[in-house]
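Peer 1: Dropping the structure in here first, questions after.
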Amino acid sequence: MSILSRLTRNEGDPKILSSGPRSREATDELARGLGWFSLGLGLFQLMAPQRITRAFGVTGSEHVVRAYGAREIASGMLTLSTDKRAGLASRVAGDGLDIVTLLALLSYRNPQRHTVKAALAMVVGITAIDLLAAGAVSARKARPKTVKDYSDRSGFPGGVVGARGIARQKPPTEARAETTH
Amino acid sequence: MRALVWHGKEDIRCDTVTDPEIEDPRDAIIKVTSCAICGSDLHLFHNFIPAMMPGDIMGHEMMGEVVETGSGMNGKLKKGDRIVVPFTIQCGECDQCRRGNFSVCERSNRNKALADKAFGHTTAGLFGYTHLTGGYPGGQAEYLRVPFADSTHIKVPDSLTDEQVLFLGDILPTGWQAAVHCDIEPTDTVVVWGCGPVGQMAIRSAVLLGAKLVVAIDCIPERLSMAQAGGALTIDFSQESVVERLNELTDGKGPEKCIDAVGLESHVSMSQPDTLLDRAKQIMMLENDRPHVLREMIYVCRPGGIISIPGVYSGLVDKIPMGQAMNKGLTFRMGQTHVNRWTPDLVRRIEEGQIDPSFVITHTATLEEGPEMYKVFRNKQDSCIKVVLKP
């Protein structure tokens with residue numbers, strides 16, 4: 001991108017010497033990381049569901065894994081968008097669904113229950129990170145309880161009543177290049 | 001010098017960059033004394049408008065003092081002059097400039113070939129507003145190179161403060177042009193969707209131009225409070241039905257004139273299901289913009305009415321009810337603002353005290369605080385409506 005940027009930029013345009021304060025915060029970076037993680041996991045679930053069903057001892061349930069993959073991709077796209085609050089909330093909801101699903105696979109009859117246990121531990125960990133990120137983003141975007149009063153900002157030095165229709169006395173004029181300067 | 005630089009989506013940084021230089025005899029360099037963050041800068045912040053590149057300097061609302069000029073000024077601009085810089089760069093010589101259509105100047109976009117492909121025909125070069133419009137460095141910086149400076153400037157009287165004249169470069173003429181495009185009659189109801197800075201200017205302009213009733217629509221209390229202060233009757237769309245209320249106010253006939261001061265980032269809410277669909281399509285890159293306001297305006301506008309669009313749209317929009325618009329005989333008027341077309345008139349009105357645009361400024365900050373102020377403005381924190389930066 002930077003190379004393309006230099007190609008499209010004129011020789012004389014200012015070039016960056018050093019970077020200073022930035023708008024993107026650590027929580028934004030965390031959300032982006034989680035968004036990309038969702039996309040990667042979702043694609044894997046869509047493209048290689050049999051590897052997951054085999055590992056969890058539920059061969060034949062590939063269609064469920066694919067559906068979960070589609071959900072992950074949707075969450076990832078939302079988390080990477082400007083609506084990251086909604087994206088992270090959807091990730092937390094998805095985590096809940098994953099946990100319930102994995103708990104259902106913890107049966108003693110499942111020979112792969114040790115893999116399920118490990119996956120469950122991972123999902124619980126990721127849920128904690130999702131909750132942390134979702135909480136931080138929500139707090140930042142929350143509307144304040146009190147708002148400032150701008151009722152004295154009419155913008156009309158002579159008051160609103162005096163301003164009504166005043167421009168009709170001398171209707172708008174338009175300038176063209178010849179008359180501008 | 002320091003400048004606010006775009007590095008990616010939601011990533012603006014206050015960087016140290018090389019100083020601009022004179023590249024053409026018609027260039028001037030200004031020392032920026034005041035600049036502002038515009039609502040349309042947020043479209044770039046969110047990366048909704050294509051062709052931004054990492055390293056681009058933001059900002060298209062700025063003013064300052066001329067510190068250097070090229071050799072081709074022909075006496076029109078000199079060192080020491082105090083100027084506001086219009087956001088549209090204009091050659092002042094092409095067919096469009098001669099018609100006063102400065103925002104579609106045929107010669108100022110240095111990426112004309114790209115713009116010809118994207119738009120069919122090029123529009124003017126703009127400061128700090130993507131490579132589609134020239135990729136010119138913007139004015140949220142300590143210094144700015146102004147191309148075609150002998151034409152691209154507004155000289156302002158020393159008797160007026162920066163805060164009174166800064167908005168001559170964009171939001172004041174944008175609101176004014178939107179209202180003038182409505183051909184307002186004394187019997188008209190004019191409705192303004194969106195009470196951000198451009199909406200506030202459009203409301204004041206409609207009042208000045210003598211509309212019978214000006215109605216302002218938003219869901220942010222402080223913005224509605226400012227709109228009301230400017231003489232508008234307000235509708236909070238999160239609390240009541242816009243269509244029902246407007247029909248009630250107009251004896252069921254609908255408003256004659258509608259102004260879209262929202263543009264491509266309509267508010268998304270469960271109560272407006274089309275906005276959810278638009279947002280989903282936008283995320284999946286199936287649609288560029290969220291045109292809820294356009295749909296609502298077309299639906300509610302009185303047959304034979306005018307729809308004026310100063311709000312920025314970037315590309316493709318879906319589900320626009322052209323059948324309603326055509327059968328109702330609506331007139332659409334839109335476009336980037338032909339800033340200098342309105343300059344002499346608006347400078348006079350400020351000097352005469354008809355309007356003082358500084359009312360809209362809610363926050364003043366330094367350039368270093370700029371990245372933080374982008375977030376404050378975007379998140380509407382601290383009742384923020386308009387941010388002015390002092391480099």
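Labels for the structure tokens follow display order: chains A, B, ..., residues from 1 in each chain, ligands from 1.
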Using only C-alpha atoms, which protein or nucleic acid residues come within 7 Å of range 158-161 of chain A? Drop anything in the same chain fewer than 5 positions from it, and give the result as a list in words.

Peer 2: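 Within the cut-off, the hits are Gly230, Gly231 and Gln354 of chain B.
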
Peer 1: So that I have them on file, write out the residues from the current selection with N, CA, C and O atoms, as a short mmCIF file (atom, residue, chain, number, x, y, z; two decimals), in the first residue's frame.

Peer 2:
data_model
loop_
_atom_site.label_atom_id
_atom_site.label_comp_id
_atom_site.auth_asym_id
_atom_site.auth_seq_id
_atom_site.Cartn_x
_atom_site.Cartn_y
_atom_site.Cartn_z
N GLY B 230 -31.62 27.89 16.27
CA GLY B 230 -31.54 28.57 14.98
C GLY B 230 -32.89 28.79 14.32
O GLY B 230 -32.97 29.22 13.16
N GLY B 231 -33.96 28.48 15.03
CA GLY B 231 -35.29 28.78 14.50
C GLY B 231 -36.02 27.61 13.89
O GLY B 231 -37.06 27.78 13.25
N GLN B 354 -25.85 39.47 9.53
CA GLN B 354 -27.02 38.60 9.29
C GLN B 354 -26.79 37.22 9.90
O GLN B 354 -27.72 36.58 10.39
#

Peer 1: Give the alpha helix (DSSP H) residues of range 11-140 of chain A, as DSSP finds them on the backbone, and put them as a ChimeraX atom specification.

Peer 2: /A:26-47,49-56,62-80,84-104,113-140

Peer 1: What gap, in Å, lies between CA of Gln90 in chain B and CA of Thr152 in chain B?

Peer 2: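 CA of Thr152 in chain B lies 5.6 Å from CA of Gln90 in chain B.
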
Peer 1: Could you list, with a cut-off of 12 Å and counting only C-alpha atoms, the residues of range 95-156 of chain A near range 21-33 of chain A, each shown with its nearest atom pair and the distance in Å rounded to one decimal, rows sorted by chain and ascending number, as a tab-separated table?

Peer 2:
residue	atom	partner	partner_atom	distance
A:Ile126	CA	A:Leu30	CA	11.7
A:Ile129	CA	A:Leu30	CA	8.8
A:Asp130	CA	A:Ala31	CA	8.2
A:Leu131	CA	A:Ala31	CA	10.8
A:Leu132	CA	A:Thr27	CA	8.8
A:Ala133	CA	A:Thr27	CA	6.0
A:Ala134	CA	A:Ala31	CA	8.2
A:Gly135	CA	A:Thr27	CA	9.7
A:Ala136	CA	A:Thr27	CA	6.8
A:Val137	CA	A:Thr27	CA	6.9
A:Ser138	CA	A:Thr27	CA	10.7
A:Ala139	CA	A:Thr27	CA	11.1
A:Arg140	CA	A:Thr27	CA	10.0

Peer 1: Excluding same-chain residues fewer than 5 positions from range 306-308 of chain B, what lies within 12 Å of it counting only C-alpha atoms, as a PyMOL selection string?

Peer 2: chain B and resi 174-185+188-193+199+202+254-263+293-301+325+328-337

Peer 1: Could you list, as a list in words, every residue within 6 Å of range 141-155 of chain A, counting only C-alpha atoms and ignoring same-chain residues fewer than 5 positions away?

Peer 2: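 Everything that qualifies: Ser225, Met226, Ala229, Gly230, Ile355, Asp356, Pro357, Phe359, Asn379 and Ser383 of chain B.
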
Peer 1: Counting only C-alpha atoms, what is within 10 Å of Leu132 in chain B, bar same-chain residues fewer than 5 positions away, as a list in words?

Peer 2: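 Here the qualifying residues turn out to be Ile49, Pro50, Ala51, Met52, Asn109, Arg110, Asn111, Lys112, Ala113, Leu114, Ala115, Asp116, Lys117, Ala118, Phe119, Thr122, Thr123, Ala124, Gly125 and Leu126 of chain B.
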
Peer 1: Kindly export the residues of the current selection with C-alpha atoms, as a PDB file, in the first residue's frame.

Peer 2:
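Okay, this is what ended up in out-v9.pdb:
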ATOM      1  CA  ILE B  49     -14.685   6.748   0.187  1.00  0.00           C
ATOM      2  CA  PRO B  50     -12.289   4.920  -2.105  1.00  0.00           C
ATOM      3  CA  ALA B  51      -8.761   5.927  -3.080  1.00  0.00           C
ATOM      4  CA  MET B  52      -7.326   7.165   0.200  1.00  0.00           C
ATOM      5  CA  ASN B 109      -7.732  17.492 -10.655  1.00  0.00           C
ATOM      6  CA  ARG B 110      -4.205  16.227 -11.218  1.00  0.00           C
ATOM      7  CA  ASN B 111      -5.554  12.649 -11.376  1.00  0.00           C
ATOM      8  CA  LYS B 112      -7.987  13.575 -14.145  1.00  0.00           C
ATOM      9  CA  ALA B 113      -7.573  10.271 -16.001  1.00  0.00           C
ATOM     10  CA  LEU B 114      -8.578   8.314 -12.901  1.00  0.00           C
ATOM     11  CA  ALA B 115     -11.534  10.622 -12.222  1.00  0.00           C
ATOM     12  CA  ASP B 116     -12.656  10.422 -15.867  1.00  0.00           C
ATOM     13  CA  LYS B 117     -12.861   6.655 -15.482  1.00  0.00           C
ATOM     14  CA  ALA B 118     -14.617   6.790 -12.101  1.00  0.00           C
ATOM     15  CA  PHE B 119     -17.079   9.634 -12.714  1.00  0.00           C
ATOM     16  CA  THR B 122     -13.474  14.675 -13.950  1.00  0.00           C
ATOM     17  CA  THR B 123     -14.534  16.948 -11.124  1.00  0.00           C
ATOM     18  CA  ALA B 124     -12.380  19.543  -9.409  1.00  0.00           C
ATOM     19  CA  GLY B 125      -9.348  18.714  -7.334  1.00  0.00           C
ATOM     20  CA  LEU B 126     -10.128  18.756  -3.616  1.00  0.00           C
TER      21      LEU B 126
END

Peer 1: Got a sec: who's within 8 Å of Val123 in chain A, counting only C-alpha atoms, leaving out chain neighbours fewer than 4 positions off, as a ChimeraX atom specification?

Peer 2: /A:95,98-99,119,127

Peer 1: Leaving out Gly165 in chain A and any residue of its chain fewer than 4 positions from it, which residues lie within 6 Å of it when counting only C-alpha atoms, given as a compact mmCIF listing (two decimals) with N, CA, C and O atoms, in the first residue's frame?

Peer 2:
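Output below, filename out_9.txt:
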# COMPACT_ATOMS: atom_id res chain seq x y z
N LEU B 208 -32.90 32.47 6.85
CA LEU B 208 -32.55 33.75 6.22
C LEU B 208 -33.30 33.94 4.91
O LEU B 208 -33.70 35.05 4.56
N LEU B 209 -33.49 32.85 4.18
CA LEU B 209 -34.13 32.95 2.87
C LEU B 209 -35.66 32.96 2.97
O LEU B 209 -36.36 32.94 1.97
N GLY B 210 -36.16 32.95 4.21
CA GLY B 210 -37.57 33.25 4.41
C GLY B 210 -38.54 32.10 4.31
O GLY B 210 -39.71 32.32 3.97

Peer 1: CA of Tyr136 in chain B and CA of Arg107 in chain B, how far apart in Å?

Peer 2: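 Answer for the CA of Arg107 in chain B to CA of Tyr136 in chain B separation: 13.7 Å.
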
Peer 1: Taking only C-alpha atoms into account, which of A:His63, A:Arg176, A:Arg9, A:Arg54 comes nearest Val116 in chain A?

Peer 2: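 Closest to Val116 in chain A, using only C-alpha atoms: A:Arg54.
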
Peer 1: I need the strand (DSSP E or B) residues of range 144-306 of chain B per DSSP on the backbone, written as a PyMOL selection string.

Peer 2: chain B and resi 144-146+154-155+189-193+213-218+233-236+257-260+265+269+272+290+306

Peer 1: Write a file of the just-selected residues containing N, CA, C and O atoms, as a CSV table (one decimal), in the first residue's frame.

Peer 2:
chain,number,residue,atom,x,y,z
B,144,LEU,N,0.3,24.6,4.2
B,144,LEU,CA,-0.4,24.0,3.1
B,144,LEU,C,0.0,24.7,1.7
B,144,LEU,O,0.1,25.9,1.6
B,145,ARG,N,0.2,23.8,0.8
B,145,ARG,CA,0.4,24.3,-0.6
B,145,ARG,C,-0.9,24.5,-1.3
B,145,ARG,O,-1.7,23.5,-1.3
B,146,VAL,N,-1.2,25.7,-1.8
B,146,VAL,CA,-2.5,25.9,-2.4
B,146,VAL,C,-2.2,26.0,-3.9
B,146,VAL,O,-1.6,27.0,-4.4
B,154,ILE,N,-10.0,32.9,-0.8
B,154,ILE,CA,-11.0,33.9,-0.4
B,154,ILE,C,-10.3,34.9,0.6
B,154,ILE,O,-9.9,34.5,1.7
B,155,LYS,N,-10.2,36.1,0.1
B,155,LYS,CA,-9.5,37.1,1.0
B,155,LYS,C,-10.6,37.6,2.0
B,155,LYS,O,-11.7,37.8,1.7
B,189,THR,N,-42.4,24.9,3.4
B,189,THR,CA,-41.8,24.2,4.6
B,189,THR,C,-40.6,23.5,4.1
B,189,THR,O,-40.6,22.8,3.1
B,190,VAL,N,-39.5,23.8,4.7
B,190,VAL,CA,-38.2,23.3,4.4
B,190,VAL,C,-37.7,22.3,5.5
B,190,VAL,O,-37.7,22.7,6.6
B,191,VAL,N,-37.5,21.1,5.1
B,191,VAL,CA,-37.1,20.1,6.1
B,191,VAL,C,-35.6,19.7,5.9
B,191,VAL,O,-35.2,19.4,4.7
B,192,VAL,N,-34.8,19.8,6.9
B,192,VAL,CA,-33.4,19.4,6.9
B,192,VAL,C,-33.2,18.1,7.7
B,192,VAL,O,-33.4,18.1,8.9
B,193,TRP,N,-32.7,17.1,7.0
B,193,TRP,CA,-32.4,15.8,7.6
B,193,TRP,C,-30.9,15.9,8.1
B,193,TRP,O,-30.0,16.2,7.2
B,213,LEU,N,-41.7,27.7,7.4
B,213,LEU,CA,-41.3,26.8,8.5
B,213,LEU,C,-40.1,26.0,8.1
B,213,LEU,O,-40.0,25.4,7.0
B,214,VAL,N,-39.1,25.9,9.1
B,214,VAL,CA,-38.0,25.0,8.9
B,214,VAL,C,-38.0,23.9,9.9
B,214,VAL,O,-38.2,24.2,11.1
B,215,VAL,N,-37.9,22.7,9.5
B,215,VAL,CA,-38.0,21.5,10.3
B,215,VAL,C,-36.6,20.8,10.3
B,215,VAL,O,-36.1,20.6,9.2
B,216,ALA,N,-36.1,20.5,11.5
B,216,ALA,CA,-34.8,19.8,11.5
B,216,ALA,C,-35.0,18.4,12.1
B,216,ALA,O,-35.7,18.2,13.1
B,217,ILE,N,-34.4,17.4,11.5
B,217,ILE,CA,-34.5,16.0,12.0
B,217,ILE,C,-33.2,15.4,12.4
B,217,ILE,O,-32.2,15.5,11.7
B,218,ASP,N,-33.1,14.8,13.6
B,218,ASP,CA,-31.9,14.2,14.1
B,218,ASP,C,-32.3,13.3,15.3
B,218,ASP,O,-33.5,13.3,15.6
B,233,LEU,N,-38.1,23.9,13.9
B,233,LEU,CA,-38.9,23.0,14.7
B,233,LEU,C,-38.2,21.7,14.6
B,233,LEU,O,-37.8,21.3,13.5
B,234,THR,N,-38.1,20.9,15.7
B,234,THR,CA,-37.3,19.7,15.6
B,234,THR,C,-38.1,18.4,15.7
B,234,THR,O,-39.1,18.4,16.4
B,235,ILE,N,-37.6,17.4,15.1
B,235,ILE,CA,-38.2,16.1,15.2
B,235,ILE,C,-37.0,15.1,15.5
B,235,ILE,O,-36.0,15.0,14.9
B,236,ASP,N,-37.2,14.4,16.6
B,236,ASP,CA,-36.3,13.4,17.1
B,236,ASP,C,-36.8,12.0,16.5
B,236,ASP,O,-37.8,11.5,16.9
B,257,LYS,N,-39.9,21.4,0.3
B,257,LYS,CA,-38.5,21.4,0.0
B,257,LYS,C,-37.8,20.5,1.1
B,257,LYS,O,-38.0,20.6,2.3
B,258,CYS,N,-36.9,19.6,0.6
B,258,CYS,CA,-36.2,18.6,1.5
B,258,CYS,C,-34.7,18.7,1.3
B,258,CYS,O,-34.3,18.7,0.1
B,259,ILE,N,-34.0,18.8,2.4
B,259,ILE,CA,-32.5,18.9,2.3
B,259,ILE,C,-31.9,17.7,3.0
B,259,ILE,O,-32.1,17.5,4.2
B,260,ASP,N,-31.0,17.0,2.3
B,260,ASP,CA,-30.3,15.8,2.9
B,260,ASP,C,-28.9,16.2,3.3
B,260,ASP,O,-28.0,16.3,2.5
B,265,GLU,N,-23.7,8.0,5.4
B,265,GLU,CA,-23.7,7.2,6.6
B,265,GLU,C,-25.0,7.5,7.5
B,265,GLU,O,-24.9,8.0,8.6
B,269,SER,N,-30.6,1.8,12.6
B,269,SER,CA,-31.4,1.4,13.8
B,269,SER,C,-32.4,0.3,13.5
B,269,SER,O,-32.9,0.2,12.3
B,272,GLN,N,-35.6,1.3,11.7
B,272,GLN,CA,-35.6,1.6,10.3
B,272,GLN,C,-34.9,0.4,9.6
B,272,GLN,O,-33.7,0.4,9.3
B,290,ARG,N,-25.4,4.3,2.4
B,290,ARG,CA,-26.7,4.0,3.1
B,290,ARG,C,-27.7,5.1,2.8
B,290,ARG,O,-27.7,6.2,3.5
B,306,ILE,N,-38.8,19.9,-4.3
B,306,ILE,CA,-37.4,19.9,-4.6
B,306,ILE,C,-36.6,19.1,-3.5
B,306,ILE,O,-36.9,19.3,-2.3
